[in-house]
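Have a look at input21.tsv; it's TSV, C-alpha atoms and all ligand atoms:
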chain	number	residue	atom	x	y	z
A	321	SER	CA	158.51	148.23	-50.25
A	322	ASP	CA	157.96	145.79	-47.42
A	323	PRO	CA	161.18	145.60	-45.34
A	324	SER	CA	160.18	142.21	-43.96
A	325	SER	CA	160.20	140.61	-47.40
A	326	SER	CA	164.00	140.44	-47.43
A	327	ARG	CA	164.14	138.76	-44.06
A	328	ARG	CA	164.45	135.06	-43.43
A	329	GLY	CA	162.45	133.21	-40.83
A	330	ALA	CA	163.86	132.79	-37.31
A	331	PHE	CA	165.11	129.42	-36.11
A	332	ILE	CA	163.97	129.01	-32.49
A	333	VAL	CA	164.85	125.92	-30.43
A	334	PHE	CA	163.27	124.72	-27.19
A	335	GLU	CA	165.36	122.57	-24.87
A	336	GLY	CA	164.94	121.06	-21.45
A	337	LEU	CA	164.63	117.84	-19.50
A	338	ASP	CA	161.81	115.36	-20.03
A	339	ARG	CA	158.46	116.55	-18.58
A	340	CYS	CA	159.37	120.24	-18.40
A	341	GLY	CA	156.40	121.26	-20.57
A	342	LYS	CA	158.41	121.78	-23.74
A	343	SER	CA	156.17	120.04	-26.24
A	344	THR	CA	153.07	121.79	-24.85
A	345	GLN	CA	154.68	125.21	-25.23
A	346	VAL	CA	156.10	124.47	-28.67
A	347	SER	CA	152.73	123.50	-30.11
A	348	ARG	CA	150.99	126.46	-28.45
A	349	LEU	CA	153.57	128.80	-29.94
A	350	VAL	CA	153.19	127.41	-33.45
A	351	GLU	CA	149.39	127.62	-33.12
A	352	ARG	CA	149.59	131.22	-31.99
A	353	LEU	CA	151.86	132.22	-34.88
A	354	GLU	CA	149.49	130.59	-37.35
A	355	ARG	CA	146.49	132.32	-35.73
A	356	GLU	CA	148.33	135.60	-36.23
A	357	GLY	CA	148.67	134.79	-39.90
A	358	ARG	CA	152.38	134.00	-39.84
A	359	GLN	CA	154.04	131.02	-41.43
A	360	ALA	CA	155.54	128.69	-38.87
A	361	ARG	CA	156.64	125.06	-38.78
A	362	LEU	CA	157.22	122.71	-35.87
A	363	GLN	CA	160.21	120.40	-36.14
A	364	LYS	CA	160.43	117.68	-33.53
A	365	PHE	CA	163.76	116.03	-32.67
A	366	PRO	CA	164.12	113.14	-32.76
A	367	ASP	CA	161.94	113.08	-35.89
A	368	ARG	CA	160.71	109.51	-35.45
A	369	THR	CA	159.04	109.35	-38.88
A	370	THR	CA	162.20	108.80	-40.96
A	371	ALA	CA	164.09	105.50	-41.38
A	372	ILE	CA	166.75	106.70	-38.94
A	373	GLY	CA	164.02	108.04	-36.66
A	374	LYS	CA	162.44	104.59	-36.47
A	375	MET	CA	165.74	103.12	-35.26
A	376	ILE	CA	165.95	105.84	-32.62
A	377	ASP	CA	162.36	105.18	-31.59
A	378	ALA	CA	163.07	101.45	-31.16
A	379	TYR	CA	166.10	102.29	-29.02
A	380	LEU	CA	164.18	104.74	-26.81
A	381	GLN	CA	161.42	102.18	-26.28
A	382	SER	CA	164.07	99.58	-25.39
A	383	LYS	CA	162.98	97.40	-28.30
A	384	ALA	CA	166.55	97.60	-29.60
A	385	ASP	CA	169.92	97.99	-27.92
A	386	MET	CA	172.74	99.98	-29.38
A	387	ASP	CA	176.23	101.14	-28.57
A	388	ASP	CA	176.18	104.62	-26.95
A	389	HIS	CA	178.33	106.11	-29.72
A	390	ALA	CA	176.21	104.58	-32.46
A	391	ILE	CA	172.91	105.93	-31.10
A	392	HIS	CA	174.54	109.33	-30.56
A	393	LEU	CA	175.51	109.44	-34.24
A	394	LEU	CA	172.00	108.37	-35.29
A	395	PHE	CA	170.45	111.27	-33.33
A	396	SER	CA	172.85	113.59	-35.16
A	397	ALA	CA	172.18	111.96	-38.54
A	398	ASN	CA	168.48	112.49	-37.86
A	399	ARG	CA	169.15	116.24	-37.58
A	400	TRP	CA	171.31	116.29	-40.71
A	401	GLU	CA	168.60	114.63	-42.78
A	402	CYS	CA	166.26	117.49	-41.76
A	403	ALA	CA	168.79	120.33	-42.12
A	404	ALA	CA	168.16	121.15	-45.79
A	405	ALA	CA	164.40	121.48	-45.21
A	406	ILE	CA	165.00	123.75	-42.21
A	407	LYS	CA	167.29	126.01	-44.24
A	408	ARG	CA	164.87	126.06	-47.17
A	409	ASP	CA	161.93	127.03	-44.95
A	410	LEU	CA	163.91	129.75	-43.15
A	411	ALA	CA	164.95	131.22	-46.51
A	412	GLN	CA	161.27	131.34	-47.50
A	413	GLY	CA	160.46	133.39	-44.42
A	414	ILE	CA	158.97	130.57	-42.37
A	415	THR	CA	159.67	130.58	-38.63
A	416	VAL	CA	160.98	127.16	-37.66
A	417	ILE	CA	160.37	126.08	-34.06
A	418	ALA	CA	162.28	123.00	-32.94
A	419	ASP	CA	161.29	120.77	-30.03
A	420	ARG	CA	164.85	119.72	-28.96
A	421	TYR	CA	167.99	119.93	-31.07
A	422	ALA	CA	171.72	119.23	-30.92
A	423	PHE	CA	171.88	120.45	-27.30
A	424	SER	CA	169.78	117.51	-26.13
A	425	GLY	CA	172.08	115.34	-28.21
A	426	ILE	CA	175.13	116.44	-26.23
A	427	ALA	CA	173.50	116.64	-22.80
A	428	PHE	CA	171.94	113.16	-22.82
A	429	SER	CA	174.94	111.36	-24.36
A	430	ALA	CA	177.46	113.16	-22.13
A	431	ALA	CA	175.28	112.26	-19.14
A	432	LYS	CA	175.82	108.61	-20.09
A	433	GLY	CA	179.56	109.20	-19.93
A	434	LEU	CA	180.59	109.88	-23.53
A	435	PRO	CA	183.29	112.59	-23.84
A	436	PHE	CA	181.79	116.07	-24.28
A	437	ASP	CA	184.00	116.77	-27.33
A	438	PHE	CA	182.92	113.58	-29.04
A	439	CYS	CA	179.29	114.50	-28.43
A	440	LEU	CA	179.69	117.95	-29.94
A	441	GLN	CA	181.50	117.03	-33.17
A	442	PRO	CA	178.88	115.35	-35.39
A	443	ASP	CA	176.49	118.33	-35.19
A	444	LYS	CA	179.18	120.82	-36.20
A	445	ALA	CA	177.94	123.09	-39.04
A	446	LEU	CA	174.23	122.32	-38.62
A	447	PRO	CA	172.00	125.43	-38.83
A	448	LEU	CA	172.66	127.60	-35.75
A	449	PRO	CA	169.49	128.51	-33.85
A	450	ASP	CA	168.86	132.24	-33.55
A	451	LEU	CA	167.58	131.60	-30.04
A	452	THR	CA	167.49	128.59	-27.76
A	453	LEU	CA	165.03	128.70	-24.88
A	454	TYR	CA	166.01	126.31	-22.12
A	455	MET	CA	162.98	125.51	-20.01
A	456	SER	CA	164.18	124.96	-16.48
A	457	LEU	CA	162.24	123.31	-13.71
A	458	PRO	CA	163.64	122.59	-10.22
A	459	GLN	CA	164.18	118.91	-9.49
A	460	GLU	CA	161.48	118.89	-6.77
A	461	GLU	CA	158.87	120.29	-9.13
A	462	ALA	CA	159.93	118.01	-11.98
A	463	SER	CA	159.52	114.94	-9.79
A	464	GLN	CA	156.04	116.06	-8.70
A	465	ARG	CA	155.05	116.49	-12.32
A	466	SER	CA	156.96	113.55	-13.50
A	467	GLN	CA	154.80	110.52	-14.26
A	468	PHE	CA	157.89	109.21	-16.00
A	469	GLY	CA	157.04	107.06	-18.98
A	470	GLU	CA	158.52	103.80	-20.05
A	471	GLU	CA	161.20	105.34	-22.26
A	472	ARG	CA	164.91	105.05	-21.74
A	473	TYR	CA	166.46	108.09	-19.95
A	474	GLU	CA	163.27	108.81	-17.97
A	475	THR	CA	164.87	108.07	-14.62
A	476	MET	CA	165.80	110.52	-11.87
A	477	THR	CA	169.51	109.60	-12.04
A	478	MET	CA	169.66	110.18	-15.78
A	479	GLN	CA	167.67	113.43	-15.62
A	480	GLN	CA	169.93	114.80	-12.86
A	481	ALA	CA	173.09	114.00	-14.83
A	482	THR	CA	171.57	115.51	-17.97
A	483	ARG	CA	170.63	118.68	-16.08
A	484	GLU	CA	174.31	119.17	-15.20
A	485	GLN	CA	175.40	118.58	-18.79
A	486	PHE	CA	172.84	121.11	-20.08
A	487	GLY	CA	174.63	123.66	-17.85
A	488	LEU	CA	177.90	122.95	-19.66
A	489	VAL	CA	176.17	123.10	-23.06
A	490	ALA	CA	174.73	126.53	-22.17
A	491	GLN	CA	178.22	127.81	-21.28
A	492	GLU	CA	179.58	126.55	-24.58
A	493	VAL	CA	176.81	128.13	-26.66
A	494	LYS	CA	177.30	131.48	-24.91
A	495	ARG	CA	181.10	131.33	-25.24
A	496	ILE	CA	181.11	130.44	-28.93
A	497	HIS	CA	177.94	132.09	-30.23
A	498	GLY	CA	177.15	134.86	-27.75
A	499	GLU	CA	175.12	135.22	-24.56
A	500	TYR	CA	171.99	136.29	-26.43
A	501	ARG	CA	171.59	132.96	-28.20
A	502	TRP	CA	170.73	130.94	-25.06
A	503	THR	CA	168.09	132.00	-22.56
A	504	GLU	CA	166.72	130.13	-19.61
A	505	VAL	CA	162.94	130.17	-19.13
A	506	ASP	CA	161.39	129.58	-15.73
A	507	ALA	CA	159.08	126.63	-16.48
A	508	ARG	CA	157.24	126.84	-13.15
A	509	GLY	CA	153.63	127.96	-13.03
A	510	THR	CA	150.61	127.48	-15.24
A	511	ILE	CA	150.78	126.78	-18.96
A	512	GLU	CA	149.52	130.32	-19.61
A	513	GLU	CA	152.12	131.92	-17.34
A	514	VAL	CA	154.97	130.07	-19.03
A	515	GLU	CA	153.52	130.88	-22.44
A	516	GLU	CA	153.52	134.58	-21.57
A	517	ARG	CA	157.17	134.44	-20.45
A	518	ILE	CA	158.15	132.73	-23.68
A	519	ARG	CA	156.27	135.27	-25.73
A	520	GLY	CA	158.20	138.07	-24.05
A	521	LEU	CA	161.55	136.40	-24.63
A	522	ILE	CA	160.92	135.72	-28.31
A	523	GLY	CA	159.87	139.33	-28.91
A	524	ASP	CA	160.25	140.48	-32.50
A	525	LEU	CA	162.19	137.42	-33.65
A	526	ILE	CA	158.89	136.30	-35.16
A	527	GLU	CA	159.10	139.30	-37.50
A	528	GLY	CA	162.05	137.61	-39.19
A	529	VAL	CA	165.82	137.94	-39.06
A	530	ASP	CA	168.33	139.78	-41.25
A	531	GLY	CA	171.32	137.90	-42.65
A	532	GLU	CA	172.17	134.32	-43.46
A	533	ILE	CA	171.76	131.48	-41.01
A	534	SER	CA	175.06	130.66	-39.27
A	535	GLN	CA	176.63	127.28	-38.50
A	536	LEU	CA	176.57	125.53	-35.15
A	537	TRP	CA	179.93	125.31	-33.32
A	538	VAL	CA	181.72	127.10	-36.19
A	601	LIG	P1	161.37	113.22	-26.81
A	601	LIG	O1	160.81	112.70	-25.53
A	601	LIG	O2	161.43	114.71	-26.86
A	601	LIG	O3	160.74	112.60	-28.02
A	601	LIG	O4	162.92	112.77	-26.85
A	601	LIG	C1	163.23	111.43	-26.69
A	601	LIG	C2	164.44	111.24	-25.80
A	601	LIG	O5	165.63	111.29	-26.59
A	601	LIG	C3	164.61	112.24	-24.68
A	601	LIG	O6	164.86	111.52	-23.47
A	601	LIG	C4	165.82	113.03	-25.07
A	601	LIG	C5	166.61	112.09	-25.92
A	601	LIG	N1	167.47	112.69	-26.95
A	601	LIG	C6	168.81	112.30	-27.04
A	601	LIG	O7	169.28	111.51	-26.24
A	601	LIG	N2	169.58	112.81	-28.04
A	601	LIG	C7	169.09	113.71	-28.97
A	601	LIG	O8	169.82	114.15	-29.86
A	601	LIG	C8	167.69	114.08	-28.87
A	601	LIG	C9	167.12	115.03	-29.87
A	601	LIG	C10	166.92	113.55	-27.85
A	602	MG	MG	160.08	111.85	-23.97
As structure tokens, what does this structure read like?
Amino acid sequence: SDPSSSRRGAFIVFEGLDRCGKSTQVSRLVERLEREGRQARLQKFPDRTTAIGKMIDAYLQSKADMDDHAIHLLFSANRWECAAAIKRDLAQGITVIADRYAFSGIAFSAAKGLPFDFCLQPDKALPLPDLTLYMSLPQEEASQRSQFGEERYETMTMQQATREQFGLVAQEVKRIHGEYRWTEVDARGTIEEVEERIRGLIGDLIEGVDGEISQLWV
């Protein structure tokens, strides 16, 4: 019998600041898995296609203003409305690759000054990623790359504050869920070099995972 048939798909999350190369790497990874004949799905957060996602999109494009707490809860609600589909796909053996997740939710809102504990609560019990890869780029290199867009949060001050908060998020993930669940990836270098690093870090996770998916912050 095929031992992999009893395994669920792995839930792999990519995190990082704006312009760190995350979306490029996420789509390359999903393409590679599909080329290799594996089932994989990309899940972008925020998912701007849903009703809640459209409100988030308007906020990010500064077409709408919103209280900091309210938009924080909408980002979380946007993950909750996708949670059942993520769990269903994982159970069917599909590898789910997320471009951002709850960790962006905490880091960006805490960077605006909301209490860390408040930021963490609404995502409690969401599916826990098997691995989060945090793509890190030194400030100097990020600013060279930057070409910041028009969207809210794409300012140096905000990015710097968010970088610090991501450090605290990493500590919390490691403390509660174990060191192995959060790994920093050096995002410097060419697309191919970074891709190779990521490939090494993911290793045999793409072969599937034994056991049920756990709950975030539980
Ligand atoms: P994107 O550029 O990856 O589409 O993300 C849009 C912005 O939203 C980005 O600056 C990060 C921010 N963000 C939050 O503030 N909270 C969240 O929960 C998520 C997923 C993203
Ligand atoms: Mg962006």
Record the distance separating atom C9 of ligand LIG 601 (chain A) and atom CA of A:Pro366, expressed in Å with one decimal.
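Separation between atom C9 of ligand LIG 601 (chain A) and atom CA of A:Pro366: 4.6 Å.
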Can you sort out the box for ligand LIG 601 (chain A), edges along x, y and z, all listed atoms in, 8 Å on every side, with centre and edge lengths in Å to one decimal, as JSON?
{"center_x": 165.3, "center_y": 113.1, "center_z": -26.7, "size_x": 25.1, "size_y": 19.8, "size_z": 22.4}
Distance atom CA of A:Leu521-atom CA of A:Ala418, one decimal place?
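Separation between atom CA of A:Leu521 and atom CA of A:Ala418: 15.8 Å.
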Counting only C-alpha atoms, find the residues whose atoms lie at most 10 Å from (164.5, 123.1, -40.4) (file coordinates) and write them out as a list in words.
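Residues with an atom at most 10 Å from (164.5, 123.1, -40.4): Phe331, Ile332, Arg361, Leu362, Gln363, Lys364, Arg399, Trp400, Glu401, Cys402, Ala403, Ala404, Ala405, Ile406, Lys407, Arg408, Asp409, Leu410, Ile414, Thr415, Val416, Ile417, Ala418, Leu446, Pro447 and Pro449 of chain A.
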May I have the selected residues written with C-alpha atoms, as a PDB file, in the coordinates of the input?
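The resulting part-v4.pdb:
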ATOM      1  CA  PHE A 331     165.110 129.420 -36.110  1.00  0.00           C
ATOM      2  CA  ILE A 332     163.970 129.010 -32.490  1.00  0.00           C
ATOM      3  CA  ARG A 361     156.640 125.060 -38.780  1.00  0.00           C
ATOM      4  CA  LEU A 362     157.220 122.710 -35.870  1.00  0.00           C
ATOM      5  CA  GLN A 363     160.210 120.400 -36.140  1.00  0.00           C
ATOM      6  CA  LYS A 364     160.430 117.680 -33.530  1.00  0.00           C
ATOM      7  CA  ARG A 399     169.150 116.240 -37.580  1.00  0.00           C
ATOM      8  CA  TRP A 400     171.310 116.290 -40.710  1.00  0.00           C
ATOM      9  CA  GLU A 401     168.600 114.630 -42.780  1.00  0.00           C
ATOM     10  CA  CYS A 402     166.260 117.490 -41.760  1.00  0.00           C
ATOM     11  CA  ALA A 403     168.790 120.330 -42.120  1.00  0.00           C
ATOM     12  CA  ALA A 404     168.160 121.150 -45.790  1.00  0.00           C
ATOM     13  CA  ALA A 405     164.400 121.480 -45.210  1.00  0.00           C
ATOM     14  CA  ILE A 406     165.000 123.750 -42.210  1.00  0.00           C
ATOM     15  CA  LYS A 407     167.290 126.010 -44.240  1.00  0.00           C
ATOM     16  CA  ARG A 408     164.870 126.060 -47.170  1.00  0.00           C
ATOM     17  CA  ASP A 409     161.930 127.030 -44.950  1.00  0.00           C
ATOM     18  CA  LEU A 410     163.910 129.750 -43.150  1.00  0.00           C
ATOM     19  CA  ILE A 414     158.970 130.570 -42.370  1.00  0.00           C
ATOM     20  CA  THR A 415     159.670 130.580 -38.630  1.00  0.00           C
ATOM     21  CA  VAL A 416     160.980 127.160 -37.660  1.00  0.00           C
ATOM     22  CA  ILE A 417     160.370 126.080 -34.060  1.00  0.00           C
ATOM     23  CA  ALA A 418     162.280 123.000 -32.940  1.00  0.00           C
ATOM     24  CA  LEU A 446     174.230 122.320 -38.620  1.00  0.00           C
ATOM     25  CA  PRO A 447     172.000 125.430 -38.830  1.00  0.00           C
ATOM     26  CA  PRO A 449     169.490 128.510 -33.850  1.00  0.00           C
TER      27      PRO A 449
END
Near A:Ala427, within 9 Å and counting all atoms listed in the file, which residues show up once chain neighbours fewer than 2 positions away are dropped, as number ranges by chain?
A: 422-425, 429-432, 436, 439, 481-489
Select the residues contacting ligand LIG 601 (chain A) at a distance of at most 7 Å, based on only C-alpha atoms and all ligand atoms, then format the selection as a VMD selection string.
chain A and resid 338 365 to 366 380 392 395 to 396 419 to 422 424 to 426 428 to 429 472 to 474
Contact residues around A:Arg358 with all atoms listed in the file at 12 Å, ignoring same-chain residues under 2 positions, as a list in words
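Surrounding residues, per the criterion: Gly329, Ala330, Leu349, Val350, Glu351, Arg352, Leu353, Glu354, Arg355, Glu356, Ala360, Arg361, Gly413, Ile414, Thr415, Val416, Ile526, Glu527 and Gly528 of chain A.
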If you measure from atom CA of A:Ile511 to atom CA of A:Gly341, what distance in Å do you get, rounded to one decimal?
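These two atoms are separated by 8.0 Å.
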At a cut-off of 12 Å from (155.2, 125.3, -23.5) in the coordinates of the file, what residues are picked up using all atoms listed in the file, written as an MDAnalysis selection string?
chainID A and resid 333:336 339:352 417 419 453:456 505:519
Have a look at A:Leu434, A:Lys374, A:Glu470, A:Glu460 and name the one nearest to ligand MG 602 (chain A); count only C-alpha atoms and all ligand atoms.
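Among the listed residues, A:Glu470 lies closest to ligand MG 602 (chain A).
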Neighbours of A:Ala371 within 12 Å (only C-alpha atoms; same-chain residues fewer than 2 positions away dropped), as a list in words?
Pro366, Asp367, Arg368, Thr369, Gly373, Lys374, Met375, Ile376, Asp377, Ala378, Leu394, Phe395, Ala397, Asn398 and Glu401 of chain A
Give the answer as one residue: which of A:Leu440, A:Glu492, A:Gln359, A:Gln479 has the shortest atom-to-atom distance to ligand MG 602 (chain A), using all atoms listed in the file?
A:Gln479
Nearest candidate to ligand MG 602 (chain A) (options A:Ala462, A:Asp385, A:Asp443, A:Leu337; using all atoms listed in the file)
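Of the candidates, the smallest distance to ligand MG 602 (chain A) is held by A:Leu337.
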Need to verify the contact set: stretch 529-532 of chain A, 9 Å, only C-alpha atoms, exclusion of same-chain residues closer than 5 positions in sequence. Can you return it as a ChimeraX atom specification?
/A:324,326-330,411,413,450,524
From the set A:Glu471, A:Asp437, A:Thr477, A:Leu393, which residue has the shortest atom-to-atom contact distance to ligand MG 602 (chain A), counting all atoms listed in the file?
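Of the candidates, the smallest distance to ligand MG 602 (chain A) is held by A:Glu471.
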Just want the 9 Å neighbourhood of A:Val538, counted on only C-alpha atoms, with same-chain residues fewer than 6 positions away dropped. Output as a list of chain:residue names.
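My reading of the contact set: A:Lys444, A:Ala445, A:Ile496, A:His497.
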Using only C-alpha atoms, please write the residues we just selected to a file, as a PDB file, keeping the file's coordinate frame.
ATOM      1  CA  LYS A 444     179.180 120.820 -36.200  1.00  0.00           C
ATOM      2  CA  ALA A 445     177.940 123.090 -39.040  1.00  0.00           C
ATOM      3  CA  ILE A 496     181.110 130.440 -28.930  1.00  0.00           C
ATOM      4  CA  HIS A 497     177.940 132.090 -30.230  1.00  0.00           C
TER       5      HIS A 497
END
